[in-house]
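Student: You'll find coords.pdb just under this line, and it carries PDB, C-alpha atoms, pLDDT in the B column.
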```pdb
ATOM      1  CA  MET D   3      -9.789  18.925  10.460  1.00 50.00           C
ATOM      2  CA  GLU D   4      -8.586  21.620   8.108  1.00 62.00           C
ATOM      3  CA  GLN D   5      -6.247  21.031   5.158  1.00 70.00           C
ATOM      4  CA  PRO D   6      -2.706  20.668   6.588  1.00 74.00           C
ATOM      5  CA  LEU D   7      -1.196  23.249   4.214  1.00 78.00           C
ATOM      6  CA  ARG D   8      -2.809  26.610   3.637  1.00 76.00           C
ATOM      7  CA  LYS D   9      -0.997  27.582   0.454  1.00 83.00           C
ATOM      8  CA  ILE D  10      -0.958  26.021  -2.997  1.00 87.00           C
ATOM      9  CA  ILE D  11       2.048  23.709  -3.125  1.00 91.00           C
ATOM     10  CA  GLU D  12       3.903  22.910  -6.313  1.00 95.00           C
ATOM     11  CA  VAL D  13       6.380  20.074  -6.859  1.00 96.00           C
ATOM     12  CA  LYS D  14       9.238  21.748  -8.708  1.00 96.00           C
ATOM     13  CA  GLY D  15      12.534  20.546 -10.075  1.00 96.00           C
ATOM     14  CA  ARG D  16      15.434  20.986 -12.440  1.00 97.00           C
ATOM     15  CA  ILE D  17      17.222  18.453 -14.581  1.00 97.00           C
ATOM     16  CA  TRP D  18      20.482  18.620 -16.515  1.00 97.00           C
ATOM     17  CA  LEU D  19      23.416  16.517 -17.715  1.00 96.00           C
ATOM     18  CA  GLU D  20      26.885  16.831 -16.254  1.00 95.00           C
ATOM     19  CA  ALA D  21      30.178  15.721 -17.756  1.00 91.00           C
ATOM     20  CA  GLU D  22      32.562  14.895 -14.927  1.00 89.00           C
ATOM     21  CA  GLY D  23      31.160  17.591 -12.642  1.00 88.00           C
ATOM     22  CA  ILE D  24      30.775  20.273 -15.345  1.00 88.00           C
ATOM     23  CA  LYS D  25      27.371  21.187 -16.772  1.00 91.00           C
ATOM     24  CA  PHE D  26      26.964  19.722 -20.230  1.00 94.00           C
ATOM     25  CA  LEU D  27      23.301  20.050 -21.246  1.00 96.00           C
ATOM     26  CA  GLY D  28      20.250  21.754 -19.783  1.00 97.00           C
ATOM     27  CA  PRO D  29      17.105  23.499 -21.022  1.00 96.00           C
ATOM     28  CA  GLY D  30      19.004  26.746 -21.794  1.00 96.00           C
ATOM     29  CA  ARG D  31      21.691  25.048 -23.874  1.00 97.00           C
ATOM     30  CA  ILE D  32      19.065  23.078 -25.772  1.00 98.00           C
ATOM     31  CA  GLN D  33      17.206  26.309 -26.534  1.00 97.00           C
ATOM     32  CA  LEU D  34      20.493  27.787 -27.776  1.00 97.00           C
ATOM     33  CA  LEU D  35      21.111  24.775 -30.055  1.00 98.00           C
ATOM     34  CA  GLU D  36      17.571  24.952 -31.415  1.00 98.00           C
ATOM     35  CA  LEU D  37      17.924  28.670 -32.150  1.00 97.00           C
ATOM     36  CA  ILE D  38      21.288  28.136 -33.898  1.00 97.00           C
ATOM     37  CA  LYS D  39      19.619  25.453 -36.004  1.00 96.00           C
ATOM     38  CA  GLU D  40      16.759  27.839 -36.859  1.00 96.00           C
ATOM     39  CA  GLN D  41      18.832  31.002 -37.359  1.00 95.00           C
ATOM     40  CA  GLY D  42      22.010  29.476 -38.823  1.00 95.00           C
ATOM     41  CA  SER D  43      23.964  31.907 -36.657  1.00 93.00           C
ATOM     42  CA  ILE D  44      25.376  31.923 -33.137  1.00 94.00           C
ATOM     43  CA  SER D  45      25.099  35.701 -32.784  1.00 93.00           C
ATOM     44  CA  LYS D  46      21.433  35.763 -33.884  1.00 95.00           C
ATOM     45  CA  ALA D  47      20.620  32.878 -31.533  1.00 96.00           C
ATOM     46  CA  ALA D  48      22.438  34.581 -28.628  1.00 96.00           C
ATOM     47  CA  LYS D  49      20.621  37.866 -29.307  1.00 96.00           C
ATOM     48  CA  ILE D  50      17.195  36.176 -29.169  1.00 97.00           C
ATOM     49  CA  MET D  51      18.122  34.651 -25.810  1.00 97.00           C
ATOM     50  CA  GLY D  52      19.409  37.983 -24.478  1.00 97.00           C
ATOM     51  CA  MET D  53      22.854  36.400 -24.114  1.00 96.00           C
ATOM     52  CA  SER D  54      26.218  37.787 -25.197  1.00 96.00           C
ATOM     53  CA  TYR D  55      27.943  36.160 -28.193  1.00 94.00           C
ATOM     54  CA  ARG D  56      30.861  35.398 -25.871  1.00 95.00           C
ATOM     55  CA  LYS D  57      28.603  33.558 -23.397  1.00 96.00           C
ATOM     56  CA  ALA D  58      26.943  31.577 -26.213  1.00 96.00           C
ATOM     57  CA  TRP D  59      30.337  30.659 -27.587  1.00 94.00           C
ATOM     58  CA  ILE D  60      31.554  29.455 -24.160  1.00 95.00           C
ATOM     59  CA  LEU D  61      28.483  27.203 -23.838  1.00 96.00           C
ATOM     60  CA  ILE D  62      29.017  25.768 -27.319  1.00 96.00           C
ATOM     61  CA  ASP D  63      32.710  25.287 -26.675  1.00 94.00           C
ATOM     62  CA  GLU D  64      31.923  23.384 -23.467  1.00 92.00           C
ATOM     63  CA  MET D  65      29.507  21.119 -25.337  1.00 93.00           C
ATOM     64  CA  ASN D  66      31.990  20.619 -28.192  1.00 92.00           C
ATOM     65  CA  THR D  67      34.682  19.601 -25.690  1.00 89.00           C
ATOM     66  CA  VAL D  68      32.543  16.817 -24.244  1.00 89.00           C
ATOM     67  CA  SER D  69      31.355  15.508 -27.584  1.00 87.00           C
ATOM     68  CA  SER D  70      33.691  13.417 -29.750  1.00 82.00           C
ATOM     69  CA  THR D  71      32.399  15.330 -32.766  1.00 85.00           C
ATOM     70  CA  PRO D  72      31.345  19.009 -32.388  1.00 91.00           C
ATOM     71  CA  VAL D  73      27.688  19.790 -31.682  1.00 94.00           C
ATOM     72  CA  VAL D  74      27.942  23.098 -33.571  1.00 95.00           C
ATOM     73  CA  LEU D  75      30.195  23.863 -36.547  1.00 94.00           C
ATOM     74  CA  THR D  76      30.955  27.368 -37.779  1.00 90.00           C
ATOM     75  CA  GLN D  77      31.960  28.547 -41.219  1.00 84.00           C
ATOM     76  CA  LYS D  78      34.092  31.654 -41.617  1.00 75.00           C
ATOM     77  CA  GLY D  79      32.308  34.105 -43.868  1.00 64.00           C
ATOM     78  CA  GLY D  80      32.544  37.599 -45.271  1.00 55.00           C
ATOM     79  CA  GLN D  81      31.021  40.718 -43.734  1.00 56.00           C
ATOM     80  CA  SER D  82      28.099  38.708 -42.367  1.00 55.00           C
ATOM     81  CA  GLY D  83      30.536  36.810 -40.116  1.00 59.00           C
ATOM     82  CA  GLY D  84      29.807  33.383 -41.556  1.00 69.00           C
ATOM     83  CA  GLY D  85      27.249  30.907 -40.302  1.00 90.00           C
ATOM     84  CA  ALA D  86      26.817  28.102 -37.840  1.00 94.00           C
ATOM     85  CA  HIS D  87      24.999  24.820 -37.966  1.00 93.00           C
ATOM     86  CA  VAL D  88      24.043  22.092 -35.564  1.00 96.00           C
ATOM     87  CA  THR D  89      25.696  18.754 -36.406  1.00 94.00           C
ATOM     88  CA  GLN D  90      24.106  15.313 -36.364  1.00 93.00           C
ATOM     89  CA  THR D  91      25.449  14.762 -32.821  1.00 92.00           C
ATOM     90  CA  GLY D  92      23.903  18.089 -31.800  1.00 95.00           C
ATOM     91  CA  GLU D  93      20.574  17.068 -33.339  1.00 95.00           C
ATOM     92  CA  MET D  94      20.712  13.747 -31.490  1.00 93.00           C
ATOM     93  CA  LEU D  95      21.342  15.565 -28.199  1.00 94.00           C
ATOM     94  CA  ILE D  96      18.420  17.972 -28.808  1.00 96.00           C
ATOM     95  CA  ILE D  97      16.072  15.043 -29.462  1.00 96.00           C
ATOM     96  CA  TYR D  98      17.372  13.130 -26.443  1.00 95.00           C
ATOM     97  CA  PHE D  99      17.139  16.050 -24.010  1.00 96.00           C
ATOM     98  CA  LYS D 100      13.655  17.042 -25.134  1.00 97.00           C
ATOM     99  CA  SER D 101      12.392  13.524 -24.564  1.00 97.00           C
ATOM    100  CA  LEU D 102      14.124  13.393 -21.158  1.00 97.00           C
ATOM    101  CA  TYR D 103      12.518  16.738 -20.274  1.00 97.00           C
ATOM    102  CA  GLU D 104       9.115  15.461 -21.283  1.00 97.00           C
ATOM    103  CA  ARG D 105       9.459  12.354 -19.104  1.00 97.00           C
ATOM    104  CA  TYR D 106      10.686  14.594 -16.295  1.00 97.00           C
ATOM    105  CA  ASN D 107       7.690  16.902 -16.563  1.00 97.00           C
ATOM    106  CA  THR D 108       5.389  13.887 -16.573  1.00 97.00           C
ATOM    107  CA  PHE D 109       7.085  12.718 -13.365  1.00 98.00           C
ATOM    108  CA  LEU D 110       6.606  16.130 -11.719  1.00 97.00           C
ATOM    109  CA  LYS D 111       2.952  16.330 -12.785  1.00 96.00           C
ATOM    110  CA  GLN D 112       2.254  12.863 -11.434  1.00 97.00           C
ATOM    111  CA  GLU D 113       3.920  13.747  -8.136  1.00 97.00           C
ATOM    112  CA  GLN D 114       1.914  16.976  -8.013  1.00 95.00           C
ATOM    113  CA  SER D 115      -1.297  15.062  -8.405  1.00 94.00           C
ATOM    114  CA  GLU D 116      -0.279  12.454  -5.808  1.00 93.00           C
ATOM    115  CA  PHE D 117       0.669  15.191  -3.355  1.00 92.00           C
ATOM    116  CA  GLU D 118      -2.741  16.828  -3.772  1.00 90.00           C
ATOM    117  CA  THR D 119      -4.467  13.503  -3.194  1.00 89.00           C
ATOM    118  CA  LEU D 120      -2.392  12.933  -0.049  1.00 86.00           C
ATOM    119  CA  MET D 121      -3.206  16.397   1.315  1.00 83.00           C
ATOM    120  CA  ALA D 122      -6.917  15.892   0.666  1.00 83.00           C
ATOM    121  CA  GLN D 123      -6.779  12.635   2.651  1.00 82.00           C
ATOM    122  CA  GLU D 124      -5.038  14.402   5.570  1.00 74.00           C
ATOM    123  CA  LYS D 125      -7.946  16.791   5.985  1.00 62.00           C
TER
ATOM    124  CA  MET P  23      32.410   4.828 -35.026  1.00 50.00           C
ATOM    125  CA  GLU P  24      33.590   6.040 -31.666  1.00 62.00           C
ATOM    126  CA  GLN P  25      31.315   6.755 -28.672  1.00 70.00           C
ATOM    127  CA  PRO P  26      29.668  10.155 -29.324  1.00 74.00           C
ATOM    128  CA  LEU P  27      30.606  11.581 -25.896  1.00 78.00           C
ATOM    129  CA  ARG P  28      34.099  11.285 -24.513  1.00 76.00           C
ATOM    130  CA  LYS P  29      33.358  12.053 -20.890  1.00 83.00           C
ATOM    131  CA  ILE P  30      31.235  10.248 -18.317  1.00 87.00           C
ATOM    132  CA  ILE P  31      27.806  11.866 -18.374  1.00 91.00           C
ATOM    133  CA  GLU P  32      25.537  11.988 -15.353  1.00 95.00           C
ATOM    134  CA  VAL P  33      21.826  12.796 -15.329  1.00 96.00           C
ATOM    135  CA  LYS P  34      21.475  15.216 -12.415  1.00 96.00           C
ATOM    136  CA  GLY P  35      18.572  17.079 -10.890  1.00 96.00           C
ATOM    137  CA  ARG P  36      17.029  18.841  -7.942  1.00 97.00           C
ATOM    138  CA  ILE P  37      13.543  18.617  -6.520  1.00 97.00           C
ATOM    139  CA  TRP P  38      11.709  20.747  -3.986  1.00 97.00           C
ATOM    140  CA  LEU P  39       8.237  21.997  -3.012  1.00 96.00           C
ATOM    141  CA  GLU P  40       7.177  25.596  -3.473  1.00 95.00           C
ATOM    142  CA  ALA P  41       4.318  27.426  -1.777  1.00 92.00           C
ATOM    143  CA  GLU P  42       3.117  30.152  -4.105  1.00 89.00           C
ATOM    144  CA  GLY P  43       6.575  30.826  -5.519  1.00 88.00           C
ATOM    145  CA  ILE P  44       8.444  30.550  -2.187  1.00 88.00           C
ATOM    146  CA  LYS P  45      10.539  27.494  -1.318  1.00 91.00           C
ATOM    147  CA  PHE P  46       8.718  25.337   1.196  1.00 94.00           C
ATOM    148  CA  LEU P  47      10.520  21.985   1.430  1.00 96.00           C
ATOM    149  CA  GLY P  48      13.748  20.571   0.033  1.00 97.00           C
ATOM    150  CA  PRO P  49      16.469  18.127   1.084  1.00 96.00           C
ATOM    151  CA  GLY P  50      18.147  20.711   3.382  1.00 96.00           C
ATOM    152  CA  ARG P  51      14.957  21.587   5.255  1.00 97.00           C
ATOM    153  CA  ILE P  52      14.122  17.919   5.682  1.00 98.00           C
ATOM    154  CA  GLN P  53      17.590  17.305   7.121  1.00 97.00           C
ATOM    155  CA  LEU P  54      16.999  20.220   9.510  1.00 97.00           C
ATOM    156  CA  LEU P  55      13.654  18.766  10.642  1.00 98.00           C
ATOM    157  CA  GLU P  56      15.205  15.337  11.136  1.00 98.00           C
ATOM    158  CA  LEU P  57      18.023  16.803  13.221  1.00 97.00           C
ATOM    159  CA  ILE P  58      15.568  18.816  15.360  1.00 97.00           C
ATOM    160  CA  LYS P  59      13.637  15.603  15.934  1.00 96.00           C
ATOM    161  CA  GLU P  60      16.833  13.792  16.918  1.00 96.00           C
ATOM    162  CA  GLN P  61      18.433  16.593  18.981  1.00 95.00           C
ATOM    163  CA  GLY P  62      15.291  18.173  20.451  1.00 95.00           C
ATOM    164  CA  SER P  63      16.890  21.558  19.809  1.00 93.00           C
ATOM    165  CA  ILE P  64      17.004  24.024  16.923  1.00 94.00           C
ATOM    166  CA  SER P  65      20.433  25.367  17.896  1.00 93.00           C
ATOM    167  CA  LYS P  66      21.990  21.886  18.104  1.00 95.00           C
ATOM    168  CA  ALA P  67      20.437  20.922  14.752  1.00 96.00           C
ATOM    169  CA  ALA P  68      21.654  24.169  13.148  1.00 96.00           C
ATOM    170  CA  LYS P  69      25.166  23.643  14.538  1.00 96.00           C
ATOM    171  CA  ILE P  70      25.411  20.126  13.053  1.00 97.00           C
ATOM    172  CA  MET P  71      24.401  21.566   9.666  1.00 97.00           C
ATOM    173  CA  GLY P  72      26.928  24.423   9.959  1.00 97.00           C
ATOM    174  CA  MET P  73      24.012  26.855   9.802  1.00 96.00           C
ATOM    175  CA  SER P  74      23.340  29.872  12.049  1.00 96.00           C
ATOM    176  CA  TYR P  75      20.472  29.618  14.540  1.00 94.00           C
ATOM    177  CA  ARG P  76      18.930  32.640  12.814  1.00 95.00           C
ATOM    178  CA  LYS P  77      18.990  30.914   9.406  1.00 96.00           C
ATOM    179  CA  ALA P  78      17.483  27.727  10.876  1.00 96.00           C
ATOM    180  CA  TRP P  79      14.772  29.777  12.548  1.00 94.00           C
ATOM    181  CA  ILE P  80      13.915  31.572   9.282  1.00 95.00           C
ATOM    182  CA  LEU P  81      13.553  28.207   7.496  1.00 96.00           C
ATOM    183  CA  ILE P  82      11.306  26.852  10.269  1.00 95.00           C
ATOM    184  CA  ASP P  83       9.270  30.037  10.330  1.00 94.00           C
ATOM    185  CA  GLU P  84       8.736  29.794   6.551  1.00 92.00           C
ATOM    186  CA  MET P  85       7.558  26.200   6.896  1.00 93.00           C
ATOM    187  CA  ASN P  86       5.312  27.074   9.855  1.00 92.00           C
ATOM    188  CA  THR P  87       3.708  29.884   7.820  1.00 89.00           C
ATOM    189  CA  VAL P  88       2.695  27.511   5.031  1.00 89.00           C
ATOM    190  CA  SER P  89       1.425  24.790   7.323  1.00 87.00           C
ATOM    191  CA  SER P  90      -1.962  25.164   9.059  1.00 82.00           C
ATOM    192  CA  THR P  91      -0.368  23.717  12.199  1.00 85.00           C
ATOM    193  CA  PRO P  92       3.333  24.390  12.940  1.00 91.00           C
ATOM    194  CA  VAL P  93       5.900  21.853  11.765  1.00 94.00           C
ATOM    195  CA  VAL P  94       8.187  22.656  14.722  1.00 95.00           C
ATOM    196  CA  LEU P  95       7.108  23.791  18.187  1.00 93.00           C
ATOM    197  CA  THR P  96       9.450  25.344  20.734  1.00 90.00           C
ATOM    198  CA  GLN P  97       9.210  25.437  24.499  1.00 84.00           C
ATOM    199  CA  LYS P  98      10.744  28.302  26.430  1.00 75.00           C
ATOM    200  CA  GLY P  99      13.198  26.918  28.949  1.00 64.00           C
ATOM    201  CA  GLY P 100      15.713  27.989  31.569  1.00 55.00           C
ATOM    202  CA  GLN P 101      19.427  28.402  30.978  1.00 56.00           C
ATOM    203  CA  SER P 102      19.420  25.642  28.370  1.00 55.00           C
ATOM    204  CA  GLY P 103      17.169  27.786  26.155  1.00 59.00           C
ATOM    205  CA  GLY P 104      14.255  25.346  26.032  1.00 69.00           C
ATOM    206  CA  GLY P 105      13.675  22.667  23.458  1.00 90.00           C
ATOM    207  CA  ALA P 106      12.032  22.085  20.132  1.00 94.00           C
ATOM    208  CA  HIS P 107      10.096  19.231  18.671  1.00 93.00           C
ATOM    209  CA  VAL P 108       8.755  18.234  15.296  1.00 95.00           C
ATOM    210  CA  THR P 109       4.945  18.045  15.224  1.00 94.00           C
ATOM    211  CA  GLN P 110       2.792  15.379  13.595  1.00 93.00           C
ATOM    212  CA  THR P 111       2.460  17.595  10.496  1.00 92.00           C
ATOM    213  CA  GLY P 112       6.257  17.937  10.432  1.00 95.00           C
ATOM    214  CA  GLU P 113       6.635  14.163  10.712  1.00 95.00           C
ATOM    215  CA  MET P 114       4.153  13.648   7.882  1.00 93.00           C
ATOM    216  CA  LEU P 115       6.129  16.087   5.680  1.00 94.00           C
ATOM    217  CA  ILE P 116       9.434  14.319   6.459  1.00 96.00           C
ATOM    218  CA  ILE P 117       7.927  10.963   5.468  1.00 96.00           C
ATOM    219  CA  TYR P 118       6.338  12.416   2.329  1.00 95.00           C
ATOM    220  CA  PHE P 119       9.467  14.211   1.127  1.00 96.00           C
ATOM    221  CA  LYS P 120      11.729  11.234   1.738  1.00 97.00           C
ATOM    222  CA  SER P 121       9.460   9.019  -0.328  1.00 97.00           C
ATOM    223  CA  LEU P 122       9.274  11.669  -3.088  1.00 97.00           C
ATOM    224  CA  TYR P 123      13.076  11.909  -3.031  1.00 97.00           C
ATOM    225  CA  GLU P 124      13.400   8.148  -3.326  1.00 97.00           C
ATOM    226  CA  ARG P 125      11.060   8.045  -6.351  1.00 97.00           C
ATOM    227  CA  TYR P 126      13.003  10.963  -7.818  1.00 97.00           C
ATOM    228  CA  ASN P 127      16.356   9.194  -7.408  1.00 97.00           C
ATOM    229  CA  THR P 128      14.873   6.079  -8.990  1.00 97.00           C
ATOM    230  CA  PHE P 129      13.781   8.228 -11.951  1.00 98.00           C
ATOM    231  CA  LEU P 130      17.281   9.739 -12.310  1.00 97.00           C
ATOM    232  CA  LYS P 131      18.963   6.317 -12.083  1.00 96.00           C
ATOM    233  CA  GLN P 132      16.646   4.873 -14.709  1.00 97.00           C
ATOM    234  CA  GLU P 133      17.327   7.824 -17.004  1.00 97.00           C
ATOM    235  CA  GLN P 134      21.064   7.405 -16.397  1.00 95.00           C
ATOM    236  CA  SER P 135      20.893   3.795 -17.437  1.00 94.00           C
ATOM    237  CA  GLU P 136      18.754   4.593 -20.512  1.00 93.00           C
ATOM    238  CA  PHE P 137      21.180   7.337 -21.539  1.00 92.00           C
ATOM    239  CA  GLU P 138      24.118   4.920 -21.325  1.00 90.00           C
ATOM    240  CA  THR P 139      22.251   2.362 -23.429  1.00 89.00           C
ATOM    241  CA  LEU P 140      21.453   5.059 -26.027  1.00 86.00           C
ATOM    242  CA  MET P 141      25.097   6.195 -26.204  1.00 83.00           C
ATOM    243  CA  ALA P 142      26.300   2.601 -26.606  1.00 83.00           C
ATOM    244  CA  GLN P 143      23.905   2.183 -29.545  1.00 82.00           C
ATOM    245  CA  GLU P 144      25.221   5.386 -31.179  1.00 74.00           C
ATOM    246  CA  LYS P 145      28.760   3.971 -31.364  1.00 62.00           C
TER
END
```
Will you turn the file into structure tokens for me?
Tutor:
Amino acid sequence: MEQPLRKIIEVKGRIWLEAEGIKFLGPGRIQLLELIKEQGSISKAAKIMGMSYRKAWILIDEMNTVSSTPVVLTQKGGQSGGGAHVTQTGEMLIIYFKSLYERYNTFLKQEQSEFETLMAQEK
Amino acid sequence: MEQPLRKIIEVKGRIWLEAEGIKFLGPGRIQLLELIKEQGSISKAAKIMGMSYRKAWILIDEMNTVSSTPVVLTQKGGQSGGGAHVTQTGEMLIIYFKSLYERYNTFLKQEQSEFETLMAQEK
């Protein structure tokens, strides 16, 4: 008998955290936090992600609302518009989400391999 | 110190199968297959899901294209418009996806519980 599926199948997924029905953290927000940490600036981080400053600020504001202490703090500055930095809570959330994402990808890879084994048996 | 997050956080996710970049199976399609199996009719299954017959047919056609043998077969009928049934391949895919979905929900629940433990430690 031939293989039951004639195309290459991939097990795909998404994972994120919600705070009472509202998105709180996901891969995009984590990338934004990491870029703010690296660049020391919300506008530079937003630019790298091809995102408007306004959009980046909304995401940060949403995260700051959920967290008891802000995840990003800004300093008012001169002509350069001040800077931004990721707080200890923000750092903790980056570390947590990256480890969650790693476990998640391991889960997907394992399922992928099990699916392939199953399909080979169905031949 | 207070709890770092002041809202209830949920670990959420989605999982599906893709065939070369095109969606192949997900919870909605599996529900459609199960309803066709139960109702013996695509139109009845579509109606229960609040989906147009056309939309249901497109989903089935996409699944049939990926599978070497169809997942749903239709018989032309008289005034009742014939019937439909889920093939052995379709049945196998229902069983597979439901078990994948169960493992996936177990993963999410475990992550939820680990996240809560982590947050309690951060107090």
Student: Which residues come within 9 Å of region 45-61 of chain D, counting only C-alpha atoms, excluding same-chain residues fewer than 6 positions away, as a ChimeraX atom specification?
Tutor: /D:26,30-31,33-39
Student: Taking only C-alpha atoms into account, name the residue in D:Met121, D:Ile32, D:Ile44, D:Ala86 that is nearest to chain P.
Tutor: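 Smallest distance to chain P is found for D:Met121.
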Student: Using only C-alpha atoms, determine which residues lie at most 8 Å from Ile37 (chain P), disregarding the query and same-chain residues fewer than 3 positions distant; provide the list as a ChimeraX atom specification.
Tutor: /D:13-16 /P:48,123,126
Student: List every residue of chain P that has an atom at most 8 Å from any atom of chain D, and for each one report the closest atom pair and its distance in Å to one decimal, counting all atoms listed in the file, with rows sorted by chain and then by increasing residue number, as a tab-separated table.
Tutor:
```
residue	atom	partner	partner_atom	distance
P:Glu24	CA	D:Ser70	CA	7.6
P:Gln25	CA	D:Ser70	CA	7.2
P:Pro26	CA	D:Ser70	CA	5.2
P:Leu27	CA	D:Ser69	CA	4.3
P:Arg28	CA	D:Ser70	CA	5.7
P:Lys29	CA	D:Ala21	CA	5.8
P:Ile30	CA	D:Ala21	CA	5.6
P:Ile31	CA	D:Ala21	CA	4.6
P:Glu32	CA	D:Glu20	CA	5.1
P:Val33	CA	D:Leu19	CA	4.7
P:Lys34	CA	D:Trp18	CA	5.4
P:Gly35	CA	D:Ile17	CA	4.2
P:Arg36	CA	D:Arg16	CA	5.2
P:Ile37	CA	D:Gly15	CA	4.2
P:Trp38	CA	D:Lys14	CA	5.4
P:Leu39	CA	D:Val13	CA	4.7
P:Glu40	CA	D:Glu12	CA	5.1
P:Ala41	CA	D:Ile11	CA	4.6
P:Glu42	CA	D:Ile10	CA	5.9
P:Val88	CA	D:Arg8	CA	5.7
P:Ser89	CA	D:Leu7	CA	4.3
P:Ser90	CA	D:Pro6	CA	5.2
P:Thr91	CA	D:Pro6	CA	6.8
P:Thr111	CA	D:Pro6	CA	7.2
P:Leu122	CA	D:Glu113	CA	7.6
P:Glu133	CA	D:Leu102	CA	7.7
```
Student: Would you work out the distance separating CA of Val94 (chain P) from CA of Ile117 (chain P), expressed in Å to one decimal?
Tutor: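 Computing the Euclidean distance for CA of Val94 (chain P) and CA of Ile117 (chain P) yields 14.9 Å.
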Student: Which distance in Å separates CA of Gln143 (chain P) and CA of Glu93 (chain D), to one decimal?
Tutor: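 Spanning CA of Gln143 (chain P) to CA of Glu93 (chain D) is a straight-line distance of 15.7 Å.
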Student: Taking all atoms of region 45-56 of chain P that appear in the file, build a box with edges along x, y and z, extend it by 6 Å on every side, and state its centre and edge lengths in Å to one decimal, as JSON.
Tutor:
```
{"center_x": 13.4, "center_y": 21.4, "center_z": 4.9, "size_x": 21.4, "size_y": 24.2, "size_z": 24.5}
```
Student: To one decimal place, how far is CA of Val108 (chain P) from CA of Asp83 (chain P) in Å?
Tutor: 12.8 Å
Student: Between P:Gln61, P:Val93, P:Glu138, P:Lys98, which residue has the minimum interatomic distance to Gln110 (chain P), considering all atoms listed in the file?
Tutor: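 Between P:Gln61, P:Val93, P:Glu138, P:Lys98, the residue approaching Gln110 (chain P) most closely is P:Val93.
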Student: Provide region 87-101 of chain P rebuilt to N, CA and C atoms, formatted as a compact mmCIF listing (two decimals), keeping the file's coordinate frame.
Tutor:
```txt
# COMPACT_ATOMS: atom_id res chain seq x y z
N THR P 87 4.65 28.95 8.44
CA THR P 87 3.71 29.88 7.82
C THR P 87 2.84 29.19 6.78
N VAL P 88 3.43 28.22 6.08
CA VAL P 88 2.70 27.51 5.03
C VAL P 88 1.75 26.47 5.64
N SER P 89 2.20 25.86 6.71
CA SER P 89 1.42 24.79 7.32
C SER P 89 0.32 25.36 8.23
N SER P 90 -0.85 24.71 8.21
CA SER P 90 -1.96 25.16 9.06
C SER P 90 -1.63 24.98 10.53
N THR P 91 -0.88 23.92 10.84
CA THR P 91 -0.37 23.72 12.20
C THR P 91 1.16 23.75 12.07
N PRO P 92 1.87 24.27 13.08
CA PRO P 92 3.33 24.39 12.94
C PRO P 92 4.00 23.04 12.66
N VAL P 93 5.13 23.08 11.99
CA VAL P 93 5.90 21.85 11.76
C VAL P 93 6.89 21.63 12.92
N VAL P 94 7.30 22.74 13.56
CA VAL P 94 8.19 22.66 14.72
C VAL P 94 7.59 23.53 15.82
N LEU P 95 7.57 23.01 17.03
CA LEU P 95 7.11 23.79 18.19
C LEU P 95 8.28 23.94 19.16
N THR P 96 8.37 25.13 19.77
CA THR P 96 9.45 25.34 20.73
C THR P 96 8.85 25.56 22.11
N GLN P 97 9.59 25.15 23.12
CA GLN P 97 9.21 25.44 24.50
C GLN P 97 10.25 26.38 25.07
N LYS P 98 9.79 27.41 25.77
CA LYS P 98 10.74 28.30 26.43
C LYS P 98 11.30 27.57 27.64
N GLY P 99 12.60 27.65 27.84
CA GLY P 99 13.20 26.92 28.95
C GLY P 99 14.04 27.81 29.82
N GLY P 100 14.84 27.23 30.67
CA GLY P 100 15.71 27.99 31.57
C GLY P 100 17.01 28.32 30.86
N GLN P 101 18.12 28.05 31.53
CA GLN P 101 19.43 28.40 30.98
C GLN P 101 19.74 27.63 29.71
```
